[in-house]
>>> print(open('final_4.cif').read())   # mmCIF, N, CA and C atoms and all ligand atoms
data_query
loop_
_atom_site.label_atom_id
_atom_site.label_comp_id
_atom_site.auth_asym_id
_atom_site.auth_seq_id
_atom_site.Cartn_x
_atom_site.Cartn_y
_atom_site.Cartn_z
N MET A 1 0.83 -1.20 0.00
CA MET A 1 0.00 0.00 0.00
C MET A 1 0.87 1.26 0.00
N VAL A 2 2.01 1.18 0.72
CA VAL A 2 2.92 2.33 0.77
C VAL A 2 3.40 2.66 -0.64
N ILE A 3 3.72 1.62 -1.39
CA ILE A 3 4.17 1.80 -2.76
C ILE A 3 3.08 2.50 -3.58
N THR A 4 1.84 2.04 -3.38
CA THR A 4 0.72 2.60 -4.13
C THR A 4 0.54 4.08 -3.82
N GLU A 5 0.64 4.42 -2.50
CA GLU A 5 0.46 5.83 -2.12
C GLU A 5 1.55 6.70 -2.72
N GLU A 6 2.76 6.18 -2.69
CA GLU A 6 3.88 6.93 -3.25
C GLU A 6 3.67 7.11 -4.75
N PHE A 7 3.24 6.06 -5.39
CA PHE A 7 2.97 6.10 -6.82
C PHE A 7 1.87 7.12 -7.12
N ASN A 8 0.81 7.08 -6.29
CA ASN A 8 -0.31 8.02 -6.44
C ASN A 8 0.18 9.45 -6.36
N HIS A 9 1.02 9.69 -5.35
CA HIS A 9 1.50 11.05 -5.13
C HIS A 9 2.30 11.52 -6.34
N GLN A 10 3.19 10.66 -6.80
CA GLN A 10 4.00 10.99 -7.98
C GLN A 10 3.09 11.29 -9.16
N PHE A 11 2.10 10.45 -9.30
CA PHE A 11 1.17 10.60 -10.42
C PHE A 11 0.42 11.92 -10.31
N ALA A 12 -0.05 12.23 -9.07
CA ALA A 12 -0.83 13.45 -8.84
C ALA A 12 0.02 14.68 -9.12
N VAL A 13 1.28 14.63 -8.70
CA VAL A 13 2.18 15.75 -8.94
C VAL A 13 2.38 15.92 -10.44
N ALA A 14 2.65 14.81 -11.11
CA ALA A 14 2.88 14.83 -12.55
C ALA A 14 1.65 15.36 -13.29
N ALA A 15 0.46 14.99 -12.78
CA ALA A 15 -0.77 15.39 -13.45
C ALA A 15 -1.22 16.79 -13.03
N GLY A 16 -0.47 17.40 -12.08
CA GLY A 16 -0.79 18.75 -11.64
C GLY A 16 -2.07 18.83 -10.84
N LEU A 17 -2.38 17.81 -10.04
CA LEU A 17 -3.61 17.80 -9.26
C LEU A 17 -3.44 18.57 -7.95
N SER A 18 -4.52 19.18 -7.47
CA SER A 18 -4.51 19.85 -6.17
C SER A 18 -4.57 18.77 -5.08
N PRO A 19 -4.21 19.11 -3.81
CA PRO A 19 -4.25 18.10 -2.73
C PRO A 19 -5.62 17.43 -2.63
N GLY A 20 -6.70 18.20 -2.79
CA GLY A 20 -8.06 17.62 -2.72
C GLY A 20 -8.28 16.59 -3.81
N GLU A 21 -7.88 16.95 -5.00
CA GLU A 21 -8.03 16.03 -6.14
C GLU A 21 -7.14 14.81 -5.93
N GLU A 22 -6.01 15.06 -5.29
CA GLU A 22 -5.08 13.96 -5.04
C GLU A 22 -5.72 12.92 -4.12
N MET A 23 -6.45 13.39 -3.09
CA MET A 23 -7.15 12.48 -2.17
C MET A 23 -8.16 11.62 -2.93
N THR A 24 -8.90 12.26 -3.82
CA THR A 24 -9.89 11.52 -4.60
C THR A 24 -9.21 10.46 -5.46
N MET A 25 -8.12 10.87 -6.07
CA MET A 25 -7.33 9.94 -6.89
C MET A 25 -6.91 8.71 -6.07
N MET A 26 -6.45 9.01 -4.82
CA MET A 26 -6.00 7.93 -3.94
C MET A 26 -7.12 6.94 -3.69
N LYS A 27 -8.33 7.49 -3.45
CA LYS A 27 -9.47 6.61 -3.18
C LYS A 27 -9.77 5.75 -4.39
N VAL A 28 -9.76 6.38 -5.56
CA VAL A 28 -10.07 5.64 -6.78
C VAL A 28 -9.04 4.54 -7.00
N VAL A 29 -7.76 4.90 -6.87
CA VAL A 29 -6.71 3.89 -7.12
C VAL A 29 -6.80 2.78 -6.08
N SER A 30 -7.08 3.14 -4.80
CA SER A 30 -7.21 2.10 -3.77
C SER A 30 -8.33 1.15 -4.11
N LEU A 31 -9.43 1.69 -4.62
CA LEU A 31 -10.58 0.86 -4.99
C LEU A 31 -10.20 -0.08 -6.13
N VAL A 32 -9.48 0.47 -7.11
CA VAL A 32 -9.05 -0.35 -8.24
C VAL A 32 -8.16 -1.49 -7.75
N VAL A 33 -7.23 -1.16 -6.84
CA VAL A 33 -6.32 -2.18 -6.30
C VAL A 33 -7.13 -3.25 -5.56
N LEU A 34 -8.14 -2.81 -4.79
CA LEU A 34 -8.97 -3.73 -4.02
C LEU A 34 -9.73 -4.68 -4.95
N VAL A 35 -10.38 -4.12 -5.96
CA VAL A 35 -11.18 -4.92 -6.89
C VAL A 35 -10.27 -5.88 -7.65
N PHE A 36 -9.11 -5.38 -8.08
CA PHE A 36 -8.17 -6.22 -8.81
C PHE A 36 -7.71 -7.36 -7.93
N GLY A 37 -7.46 -7.06 -6.64
CA GLY A 37 -7.05 -8.09 -5.67
C GLY A 37 -8.10 -9.18 -5.58
N PHE A 38 -9.37 -8.78 -5.57
CA PHE A 38 -10.45 -9.76 -5.48
C PHE A 38 -10.51 -10.63 -6.72
N SER A 39 -10.32 -10.01 -7.90
CA SER A 39 -10.42 -10.82 -9.11
C SER A 39 -9.25 -11.80 -9.20
N LEU A 40 -8.09 -11.42 -8.66
CA LEU A 40 -6.97 -12.36 -8.63
C LEU A 40 -7.34 -13.56 -7.76
N ASN A 41 -8.03 -13.29 -6.63
CA ASN A 41 -8.49 -14.36 -5.76
C ASN A 41 -9.44 -15.28 -6.49
N ALA A 42 -10.34 -14.70 -7.26
CA ALA A 42 -11.33 -15.49 -7.99
C ALA A 42 -10.63 -16.41 -8.98
N LEU A 43 -9.52 -15.95 -9.55
CA LEU A 43 -8.78 -16.76 -10.53
C LEU A 43 -8.19 -18.02 -9.89
N ALA A 44 -7.95 -17.97 -8.60
CA ALA A 44 -7.32 -19.11 -7.92
C ALA A 44 -8.26 -20.31 -7.83
N VAL A 45 -9.54 -20.09 -8.08
CA VAL A 45 -10.52 -21.18 -8.02
C VAL A 45 -10.68 -21.76 -9.42
N GLY A 46 -10.74 -23.10 -9.48
CA GLY A 46 -10.85 -23.76 -10.77
C GLY A 46 -12.17 -23.44 -11.47
N ASP A 47 -12.09 -23.29 -12.79
CA ASP A 47 -13.28 -23.02 -13.60
C ASP A 47 -13.65 -24.30 -14.36
N PRO A 48 -14.73 -24.99 -13.93
CA PRO A 48 -15.09 -26.26 -14.55
C PRO A 48 -15.43 -26.14 -16.04
N ASN A 49 -15.92 -24.98 -16.47
CA ASN A 49 -16.25 -24.82 -17.90
C ASN A 49 -14.99 -24.83 -18.76
N ASN A 50 -13.98 -24.13 -18.28
CA ASN A 50 -12.71 -24.15 -19.00
C ASN A 50 -12.08 -25.54 -18.90
N GLY A 51 -12.25 -26.17 -17.73
CA GLY A 51 -11.73 -27.53 -17.54
C GLY A 51 -12.34 -28.49 -18.56
N ALA A 52 -13.63 -28.30 -18.84
CA ALA A 52 -14.32 -29.18 -19.79
C ALA A 52 -13.70 -29.06 -21.19
N MET A 53 -13.28 -27.84 -21.53
CA MET A 53 -12.65 -27.63 -22.86
C MET A 53 -11.32 -28.40 -22.93
N ILE A 54 -10.51 -28.26 -21.89
CA ILE A 54 -9.20 -28.93 -21.87
C ILE A 54 -9.39 -30.44 -21.83
N ALA A 55 -10.42 -30.88 -21.10
CA ALA A 55 -10.63 -32.32 -20.87
C ALA A 55 -11.01 -33.08 -22.15
N LYS A 56 -11.30 -32.36 -23.22
CA LYS A 56 -11.57 -33.06 -24.48
C LYS A 56 -10.35 -33.88 -24.89
N ALA A 57 -9.17 -33.38 -24.52
CA ALA A 57 -7.92 -34.07 -24.85
C ALA A 57 -7.72 -35.31 -23.97
N CYS A 58 -8.49 -35.46 -22.93
CA CYS A 58 -8.32 -36.57 -21.99
C CYS A 58 -9.35 -37.67 -22.24
N ALA A 59 -10.40 -37.33 -22.99
CA ALA A 59 -11.56 -38.22 -23.13
C ALA A 59 -11.21 -39.57 -23.76
N GLY A 60 -10.24 -39.58 -24.67
CA GLY A 60 -9.86 -40.83 -25.35
C GLY A 60 -9.46 -41.91 -24.36
N CYS A 61 -8.85 -41.52 -23.27
CA CYS A 61 -8.40 -42.49 -22.27
C CYS A 61 -9.28 -42.50 -21.03
N HIS A 62 -9.68 -41.32 -20.56
CA HIS A 62 -10.43 -41.26 -19.30
C HIS A 62 -11.94 -41.16 -19.51
N GLY A 63 -12.39 -41.24 -20.77
CA GLY A 63 -13.82 -41.23 -21.06
C GLY A 63 -14.38 -39.83 -21.15
N ALA A 64 -15.34 -39.63 -22.06
CA ALA A 64 -15.96 -38.31 -22.24
C ALA A 64 -16.73 -37.90 -20.99
N ASP A 65 -17.18 -38.90 -20.21
CA ASP A 65 -17.93 -38.63 -18.98
C ASP A 65 -17.06 -38.84 -17.73
N GLY A 66 -15.75 -39.01 -17.94
CA GLY A 66 -14.85 -39.21 -16.80
C GLY A 66 -14.74 -40.66 -16.37
N TYR A 67 -15.45 -41.56 -17.10
CA TYR A 67 -15.37 -43.01 -16.82
C TYR A 67 -14.60 -43.68 -17.95
N ALA A 68 -13.46 -44.26 -17.61
CA ALA A 68 -12.58 -44.84 -18.61
C ALA A 68 -13.23 -46.07 -19.25
N LYS A 69 -12.95 -46.22 -20.55
CA LYS A 69 -13.49 -47.37 -21.27
C LYS A 69 -12.59 -48.60 -21.13
N GLN A 70 -11.31 -48.36 -20.85
CA GLN A 70 -10.34 -49.44 -20.71
C GLN A 70 -9.92 -49.56 -19.25
N PRO A 71 -9.71 -50.78 -18.78
CA PRO A 71 -9.35 -50.96 -17.36
C PRO A 71 -7.99 -50.38 -16.97
N MET A 72 -7.11 -50.16 -17.96
CA MET A 72 -5.80 -49.60 -17.59
C MET A 72 -5.81 -48.08 -17.42
N HIS A 73 -6.96 -47.47 -17.69
CA HIS A 73 -7.08 -46.02 -17.49
C HIS A 73 -8.01 -45.74 -16.30
N PRO A 74 -7.55 -44.94 -15.35
CA PRO A 74 -8.39 -44.68 -14.17
C PRO A 74 -9.59 -43.78 -14.47
N ASN A 75 -10.70 -44.03 -13.76
CA ASN A 75 -11.85 -43.12 -13.80
C ASN A 75 -11.48 -41.83 -13.08
N LEU A 76 -11.99 -40.72 -13.57
CA LEU A 76 -11.71 -39.43 -12.92
C LEU A 76 -12.98 -38.74 -12.42
N ALA A 77 -14.13 -39.13 -12.92
CA ALA A 77 -15.38 -38.46 -12.54
C ALA A 77 -15.60 -38.53 -11.04
N GLY A 78 -15.91 -37.39 -10.46
CA GLY A 78 -16.22 -37.32 -9.04
C GLY A 78 -15.02 -37.40 -8.13
N GLN A 79 -13.83 -37.53 -8.72
CA GLN A 79 -12.62 -37.57 -7.88
C GLN A 79 -12.44 -36.24 -7.17
N ASN A 80 -11.89 -36.29 -5.97
CA ASN A 80 -11.67 -35.08 -5.18
C ASN A 80 -10.76 -34.08 -5.91
N GLU A 81 -11.23 -32.85 -5.96
CA GLU A 81 -10.51 -31.78 -6.65
C GLU A 81 -9.06 -31.62 -6.16
N LYS A 82 -8.89 -31.64 -4.84
CA LYS A 82 -7.55 -31.43 -4.29
C LYS A 82 -6.62 -32.59 -4.66
N TYR A 83 -7.17 -33.80 -4.68
CA TYR A 83 -6.37 -34.96 -5.08
C TYR A 83 -5.92 -34.81 -6.54
N LEU A 84 -6.86 -34.37 -7.40
CA LEU A 84 -6.53 -34.21 -8.82
C LEU A 84 -5.46 -33.15 -9.03
N ILE A 85 -5.56 -32.04 -8.27
CA ILE A 85 -4.54 -30.98 -8.38
C ILE A 85 -3.18 -31.54 -7.97
N TRP A 86 -3.20 -32.30 -6.88
CA TRP A 86 -1.97 -32.89 -6.35
C TRP A 86 -1.34 -33.84 -7.38
N GLN A 87 -2.17 -34.75 -7.94
CA GLN A 87 -1.63 -35.74 -8.87
C GLN A 87 -1.19 -35.12 -10.20
N LEU A 88 -1.97 -34.19 -10.73
CA LEU A 88 -1.58 -33.56 -12.00
C LEU A 88 -0.30 -32.75 -11.82
N SER A 89 -0.14 -32.12 -10.66
CA SER A 89 1.10 -31.38 -10.39
C SER A 89 2.27 -32.35 -10.29
N ALA A 90 2.02 -33.52 -9.68
CA ALA A 90 3.08 -34.53 -9.53
C ALA A 90 3.47 -35.12 -10.89
N PHE A 91 2.48 -35.29 -11.78
CA PHE A 91 2.80 -35.74 -13.14
C PHE A 91 3.62 -34.68 -13.85
N ARG A 92 3.23 -33.42 -13.65
CA ARG A 92 3.90 -32.32 -14.35
C ARG A 92 5.36 -32.20 -13.93
N ASP A 93 5.62 -32.32 -12.61
CA ASP A 93 7.03 -32.16 -12.19
C ASP A 93 7.78 -33.50 -12.17
N GLY A 94 7.10 -34.57 -12.56
CA GLY A 94 7.76 -35.87 -12.70
C GLY A 94 7.87 -36.65 -11.40
N SER A 95 7.41 -36.10 -10.28
CA SER A 95 7.53 -36.83 -9.01
C SER A 95 6.60 -38.04 -8.98
N ARG A 96 5.56 -38.06 -9.82
CA ARG A 96 4.80 -39.30 -10.05
C ARG A 96 5.11 -39.72 -11.49
N PRO A 97 5.94 -40.75 -11.65
CA PRO A 97 6.34 -41.14 -13.00
C PRO A 97 5.22 -41.87 -13.74
N SER A 98 4.99 -41.47 -14.97
CA SER A 98 4.05 -42.14 -15.86
C SER A 98 4.40 -41.70 -17.27
N HIS A 99 4.71 -42.67 -18.15
CA HIS A 99 5.13 -42.32 -19.51
C HIS A 99 4.10 -41.41 -20.16
N ILE A 100 2.85 -41.78 -20.01
CA ILE A 100 1.79 -41.03 -20.67
C ILE A 100 1.54 -39.70 -19.96
N MET A 101 1.23 -39.77 -18.68
CA MET A 101 0.76 -38.59 -17.97
C MET A 101 1.83 -37.51 -17.78
N ASN A 102 3.11 -37.91 -17.73
CA ASN A 102 4.17 -36.90 -17.64
C ASN A 102 4.16 -36.03 -18.91
N GLU A 103 3.92 -36.68 -20.04
CA GLU A 103 3.84 -35.95 -21.32
C GLU A 103 2.61 -35.05 -21.35
N VAL A 104 1.47 -35.62 -20.92
CA VAL A 104 0.20 -34.88 -20.96
C VAL A 104 0.27 -33.62 -20.11
N ALA A 105 0.83 -33.74 -18.90
CA ALA A 105 0.77 -32.64 -17.92
C ALA A 105 1.90 -31.63 -18.09
N LYS A 106 2.88 -31.98 -18.92
CA LYS A 106 4.09 -31.17 -19.04
C LYS A 106 3.83 -29.66 -19.24
N GLY A 107 2.94 -29.34 -20.17
CA GLY A 107 2.76 -27.93 -20.52
C GLY A 107 1.69 -27.19 -19.74
N PHE A 108 1.10 -27.84 -18.72
CA PHE A 108 -0.02 -27.21 -18.03
C PHE A 108 0.41 -26.07 -17.11
N ALA A 109 -0.39 -24.99 -17.13
CA ALA A 109 -0.26 -23.91 -16.15
C ALA A 109 -1.03 -24.36 -14.90
N ASP A 110 -0.74 -23.74 -13.76
CA ASP A 110 -1.48 -24.07 -12.53
C ASP A 110 -2.98 -23.93 -12.76
N GLN A 111 -3.36 -22.88 -13.49
CA GLN A 111 -4.78 -22.63 -13.73
C GLN A 111 -5.42 -23.78 -14.53
N ASP A 112 -4.71 -24.32 -15.51
CA ASP A 112 -5.24 -25.45 -16.29
C ASP A 112 -5.53 -26.63 -15.37
N ILE A 113 -4.60 -26.90 -14.48
CA ILE A 113 -4.74 -28.03 -13.54
C ILE A 113 -5.93 -27.80 -12.62
N GLU A 114 -6.07 -26.57 -12.12
CA GLU A 114 -7.20 -26.26 -11.22
C GLU A 114 -8.53 -26.38 -11.96
N ASP A 115 -8.55 -25.94 -13.23
CA ASP A 115 -9.79 -26.01 -14.03
C ASP A 115 -10.17 -27.47 -14.30
N LEU A 116 -9.18 -28.28 -14.67
CA LEU A 116 -9.44 -29.70 -14.93
C LEU A 116 -9.96 -30.39 -13.66
N ALA A 117 -9.32 -30.08 -12.54
CA ALA A 117 -9.71 -30.71 -11.27
C ALA A 117 -11.14 -30.32 -10.90
N ALA A 118 -11.49 -29.06 -11.10
CA ALA A 118 -12.85 -28.58 -10.78
C ALA A 118 -13.86 -29.30 -11.69
N TYR A 119 -13.47 -29.47 -12.95
CA TYR A 119 -14.37 -30.13 -13.90
C TYR A 119 -14.65 -31.58 -13.52
N TYR A 120 -13.58 -32.34 -13.27
CA TYR A 120 -13.78 -33.77 -12.98
C TYR A 120 -14.51 -33.99 -11.65
N GLN A 121 -14.22 -33.14 -10.67
CA GLN A 121 -14.95 -33.28 -9.40
C GLN A 121 -16.44 -33.00 -9.62
N ALA A 122 -16.71 -31.97 -10.45
CA ALA A 122 -18.11 -31.56 -10.68
C ALA A 122 -18.91 -32.62 -11.43
N LEU A 123 -18.23 -33.53 -12.14
CA LEU A 123 -18.96 -34.58 -12.87
C LEU A 123 -19.69 -35.50 -11.90
N GLY A 124 -19.17 -35.60 -10.69
CA GLY A 124 -19.85 -36.39 -9.66
C GLY A 124 -19.75 -37.88 -9.89
N THR A 125 -20.06 -38.64 -8.87
CA THR A 125 -20.00 -40.11 -8.96
C THR A 125 -21.43 -40.64 -8.98
N CYS A 126 -22.02 -40.73 -10.18
CA CYS A 126 -23.41 -41.16 -10.25
C CYS A 126 -23.56 -42.41 -11.12
N LYS A 127 -22.47 -43.16 -11.29
CA LYS A 127 -22.56 -44.36 -12.13
C LYS A 127 -22.43 -45.61 -11.28
C1 LIG B 1 -3.21 -41.79 -23.81
C2 LIG B 1 -4.03 -42.00 -22.64
C3 LIG B 1 -4.21 -40.88 -21.64
C4 LIG B 1 -4.54 -39.55 -21.89
C5 LIG B 1 -4.78 -38.87 -23.24
C6 LIG B 1 -4.66 -38.92 -20.59
N1 LIG B 1 -4.41 -39.82 -19.61
FE1 LIG B 1 -4.50 -39.47 -17.58
N2 LIG B 1 -3.85 -41.35 -17.22
C7 LIG B 1 -3.58 -42.31 -18.18
C8 LIG B 1 -3.00 -43.49 -17.53
C9 LIG B 1 -2.55 -44.76 -18.21
C10 LIG B 1 -2.97 -43.19 -16.14
C11 LIG B 1 -2.37 -44.07 -15.03
C12 LIG B 1 -0.98 -43.49 -14.81
C13 LIG B 1 -0.05 -44.30 -13.97
O1 LIG B 1 -0.09 -44.17 -12.74
O2 LIG B 1 0.76 -45.01 -14.55
C14 LIG B 1 -3.52 -41.85 -15.99
C15 LIG B 1 -3.67 -41.22 -14.77
C16 LIG B 1 -4.26 -39.99 -14.60
C17 LIG B 1 -4.55 -39.39 -13.32
C18 LIG B 1 -4.30 -39.99 -11.94
C19 LIG B 1 -5.56 -40.70 -11.50
C20 LIG B 1 -5.43 -41.35 -10.14
O3 LIG B 1 -6.39 -42.04 -9.75
O4 LIG B 1 -4.42 -41.18 -9.45
C21 LIG B 1 -5.12 -38.18 -13.58
C22 LIG B 1 -5.59 -37.18 -12.55
C23 LIG B 1 -5.16 -38.02 -15.01
N3 LIG B 1 -4.65 -39.14 -15.60
C24 LIG B 1 -5.67 -36.91 -15.65
C25 LIG B 1 -5.64 -36.74 -17.02
C26 LIG B 1 -6.05 -35.52 -17.67
C27 LIG B 1 -6.63 -34.32 -16.94
C28 LIG B 1 -5.85 -35.70 -19.00
C29 LIG B 1 -6.07 -34.72 -20.11
C30 LIG B 1 -5.48 -33.42 -19.99
C31 LIG B 1 -5.32 -37.03 -19.18
N4 LIG B 1 -5.19 -37.62 -17.96
C32 LIG B 1 -5.01 -37.60 -20.41
C33 LIG B 1 -3.79 -42.20 -19.53
C34 LIG B 1 -4.11 -41.02 -20.19
#
>>> encode(input="final_4.cif", output="structure tokens", more="lines below")
Ligand code: HEC
Amino acid sequence: MVITEEFNHQFAVAAGLSPGEEMTMMKVVSLVVLVFGFSLNALAVGDPNNGAMIAKACAGCHGADGYAKQPMHPNLAGQNEKYLIWQLSAFRDGSRPSHIMNEVAKGFADQDIEDLAAYYQALGTCK
């Protein structure tokens, strides 16, 4: 916040604002910082709709509905979100070795993993 206030002041001076206008500016910028902070928080939660898009690449092995057609592929539908985040991260960094899954998870961003996990958990266990 100190950085923001200093930045505000510099900005106000540069823009030739009076002290009163400077206060208003500070309030506006603080509000923007607050709202932006909240939206960053919202991003930390997995988005199942985006997960569904990515999961099209997984359907061949894990099933379009999260239920694998072959016994050598695990079911993912209804699996706990936190477990999925943990395992996909482990595949990505190689701490859980798997020829297939290490390749699959290699390029994922944290957000991709969270979205996929939210999607598979949301499918539920109704079979
Ligand atoms: C070519 C087949 C194939 C594709 C495509 C594939 N997987 Fe897998 N997946 C596997 C196999 C096989 C395993 C078992 C890995 C092992 O432990 O050896 C596995 C394991 C997993 C596990 C661990 C499940 C558990 O119970 O621990 C998760 C999570 C997973 N896959 C997610 C995904 C996601 C998400 C995608 C798509 C982005 C995907 N997989 C694409 C074959 C595949």
>>> residues_around(input="final_4.cif", residues="Tyr119 (chain A)", least_positions_apart="6", cutoff="10 Å", atoms="only C-alpha atoms", output="PDB file with N, CA and C atoms, keeping the file's coordinate frame")
ATOM      1  N   GLY A  46     -10.740 -23.100  -9.480  1.00  0.00           N
ATOM      2  CA  GLY A  46     -10.850 -23.760 -10.770  1.00  0.00           C
ATOM      3  C   GLY A  46     -12.170 -23.440 -11.470  1.00  0.00           C
ATOM      4  N   ASP A  47     -12.090 -23.290 -12.790  1.00  0.00           N
ATOM      5  CA  ASP A  47     -13.280 -23.020 -13.600  1.00  0.00           C
ATOM      6  C   ASP A  47     -13.650 -24.300 -14.360  1.00  0.00           C
ATOM      7  N   PRO A  48     -14.730 -24.990 -13.930  1.00  0.00           N
ATOM      8  CA  PRO A  48     -15.090 -26.260 -14.550  1.00  0.00           C
ATOM      9  C   PRO A  48     -15.430 -26.140 -16.040  1.00  0.00           C
ATOM     10  N   ASN A  49     -15.920 -24.980 -16.470  1.00  0.00           N
ATOM     11  CA  ASN A  49     -16.250 -24.820 -17.900  1.00  0.00           C
ATOM     12  C   ASN A  49     -14.990 -24.830 -18.760  1.00  0.00           C
ATOM     13  N   ASN A  50     -13.980 -24.130 -18.280  1.00  0.00           N
ATOM     14  CA  ASN A  50     -12.710 -24.150 -19.000  1.00  0.00           C
ATOM     15  C   ASN A  50     -12.080 -25.540 -18.900  1.00  0.00           C
ATOM     16  N   GLY A  51     -12.250 -26.170 -17.730  1.00  0.00           N
ATOM     17  CA  GLY A  51     -11.730 -27.530 -17.540  1.00  0.00           C
ATOM     18  C   GLY A  51     -12.340 -28.490 -18.560  1.00  0.00           C
ATOM     19  N   ALA A  52     -13.630 -28.300 -18.840  1.00  0.00           N
ATOM     20  CA  ALA A  52     -14.320 -29.180 -19.790  1.00  0.00           C
ATOM     21  C   ALA A  52     -13.700 -29.060 -21.190  1.00  0.00           C
ATOM     22  N   MET A  53     -13.280 -27.840 -21.530  1.00  0.00           N
ATOM     23  CA  MET A  53     -12.650 -27.630 -22.860  1.00  0.00           C
ATOM     24  C   MET A  53     -11.320 -28.400 -22.930  1.00  0.00           C
ATOM     25  N   ILE A  54     -10.510 -28.260 -21.890  1.00  0.00           N
ATOM     26  CA  ILE A  54      -9.200 -28.930 -21.870  1.00  0.00           C
ATOM     27  C   ILE A  54      -9.390 -30.440 -21.830  1.00  0.00           C
ATOM     28  N   ALA A  55     -10.420 -30.880 -21.100  1.00  0.00           N
ATOM     29  CA  ALA A  55     -10.630 -32.320 -20.870  1.00  0.00           C
ATOM     30  C   ALA A  55     -11.010 -33.080 -22.150  1.00  0.00           C
ATOM     31  N   GLY A  66     -15.750 -39.010 -17.940  1.00  0.00           N
ATOM     32  CA  GLY A  66     -14.850 -39.210 -16.800  1.00  0.00           C
ATOM     33  C   GLY A  66     -14.740 -40.660 -16.370  1.00  0.00           C
ATOM     34  N   LEU A  76     -11.990 -40.720 -13.570  1.00  0.00           N
ATOM     35  CA  LEU A  76     -11.710 -39.430 -12.920  1.00  0.00           C
ATOM     36  C   LEU A  76     -12.980 -38.740 -12.420  1.00  0.00           C
ATOM     37  N   ALA A  77     -14.130 -39.130 -12.920  1.00  0.00           N
ATOM     38  CA  ALA A  77     -15.380 -38.460 -12.540  1.00  0.00           C
ATOM     39  C   ALA A  77     -15.600 -38.530 -11.040  1.00  0.00           C
ATOM     40  N   GLY A  78     -15.910 -37.390 -10.460  1.00  0.00           N
ATOM     41  CA  GLY A  78     -16.220 -37.320  -9.040  1.00  0.00           C
ATOM     42  C   GLY A  78     -15.020 -37.400  -8.130  1.00  0.00           C
ATOM     43  N   GLN A  79     -13.830 -37.530  -8.720  1.00  0.00           N
ATOM     44  CA  GLN A  79     -12.620 -37.570  -7.880  1.00  0.00           C
ATOM     45  C   GLN A  79     -12.440 -36.240  -7.170  1.00  0.00           C
ATOM     46  N   GLU A  81     -11.230 -32.850  -5.960  1.00  0.00           N
ATOM     47  CA  GLU A  81     -10.510 -31.780  -6.650  1.00  0.00           C
ATOM     48  C   GLU A  81      -9.060 -31.620  -6.160  1.00  0.00           C
ATOM     49  N   ILE A 113      -4.600 -26.900 -14.480  1.00  0.00           N
ATOM     50  CA  ILE A 113      -4.740 -28.030 -13.540  1.00  0.00           C
ATOM     51  C   ILE A 113      -5.930 -27.800 -12.620  1.00  0.00           C
TER      52      ILE A 113
END
>>> atom_distance(input="final_4.cif", atom1="CA of Gly107 (chain A)", atom2="CA of Arg92 (chain A)")
7.7 Å
>>> axis_aligned_box(input="final_4.cif", around="ligand LIG 1 (chain B)", padding_each_side="4 Å", output="JSON")
{"center_x": -2.9, "center_y": -39.2, "center_z": -16.6, "size_x": 15.4, "size_y": 19.6, "size_z": 22.4}
>>> closest_residue(input="final_4.cif", among="A:Ala117, A:Ala90, A:Cys58, A:Asp65", to="ligand LIG 1 (chain B)", atoms="only N, CA and C atoms and all ligand atoms")
A:Cys58
>>> closest_atom_pairs(input="final_4.cif", of="chain A", to="ligand LIG 1 (chain B)", cutoff="7 Å", atoms="only N, CA and C atoms and all ligand atoms", output="JSON lines")
{"residue": "A:Ile54", "atom": "C", "partner": "B:LIG1", "partner_atom": "C30", "distance": 5.2}
{"residue": "A:Ala55", "atom": "CA", "partner": "B:LIG1", "partner_atom": "C29", "distance": 5.2}
{"residue": "A:Lys56", "atom": "C", "partner": "B:LIG1", "partner_atom": "C29", "distance": 6.5}
{"residue": "A:Ala57", "atom": "C", "partner": "B:LIG1", "partner_atom": "C29", "distance": 4.2}
{"residue": "A:Cys58", "atom": "CA", "partner": "B:LIG1", "partner_atom": "C29", "distance": 3.5}
{"residue": "A:Ala59", "atom": "N", "partner": "B:LIG1", "partner_atom": "C29", "distance": 5.8}
{"residue": "A:Gly60", "atom": "N", "partner": "B:LIG1", "partner_atom": "C5", "distance": 5.7}
{"residue": "A:Cys61", "atom": "CA", "partner": "B:LIG1", "partner_atom": "C2", "distance": 4.4}
{"residue": "A:His62", "atom": "N", "partner": "B:LIG1", "partner_atom": "N1", "distance": 5.6}
{"residue": "A:Met72", "atom": "C", "partner": "B:LIG1", "partner_atom": "C9", "distance": 4.7}
{"residue": "A:His73", "atom": "CA", "partner": "B:LIG1", "partner_atom": "C9", "distance": 4.8}
{"residue": "A:Pro74", "atom": "N", "partner": "B:LIG1", "partner_atom": "C10", "distance": 5.0}
{"residue": "A:Asn75", "atom": "C", "partner": "B:LIG1", "partner_atom": "O3", "distance": 6.1}
{"residue": "A:Leu76", "atom": "CA", "partner": "B:LIG1", "partner_atom": "C19", "distance": 6.4}
{"residue": "A:Tyr83", "atom": "C", "partner": "B:LIG1", "partner_atom": "C22", "distance": 6.5}
{"residue": "A:Leu84", "atom": "CA", "partner": "B:LIG1", "partner_atom": "C22", "distance": 4.9}
{"residue": "A:Ile85", "atom": "N", "partner": "B:LIG1", "partner_atom": "C22", "distance": 6.7}
{"residue": "A:Gln87", "atom": "C", "partner": "B:LIG1", "partner_atom": "C22", "distance": 5.4}
{"residue": "A:Leu88", "atom": "N", "partner": "B:LIG1", "partner_atom": "C22", "distance": 5.0}
{"residue": "A:Arg96", "atom": "C", "partner": "B:LIG1", "partner_atom": "O1", "distance": 7.0}
{"residue": "A:Pro97", "atom": "C", "partner": "B:LIG1", "partner_atom": "O2", "distance": 5.5}
{"residue": "A:Ser98", "atom": "CA", "partner": "B:LIG1", "partner_atom": "O2", "distance": 4.6}
{"residue": "A:His99", "atom": "N", "partner": "B:LIG1", "partner_atom": "O2", "distance": 5.8}
{"residue": "A:Ile100", "atom": "C", "partner": "B:LIG1", "partner_atom": "C34", "distance": 5.8}
{"residue": "A:Met101", "atom": "CA", "partner": "B:LIG1", "partner_atom": "FE1", "distance": 5.3}
{"residue": "A:Val104", "atom": "C", "partner": "B:LIG1", "partner_atom": "C30", "distance": 5.8}
{"residue": "A:Ala105", "atom": "N", "partner": "B:LIG1", "partner_atom": "C30", "distance": 6.4}
{"residue": "A:Leu116", "atom": "CA", "partner": "B:LIG1", "partner_atom": "C27", "distance": 5.8}
{"residue": "A:Ala117", "atom": "N", "partner": "B:LIG1", "partner_atom": "C27", "distance": 6.7}
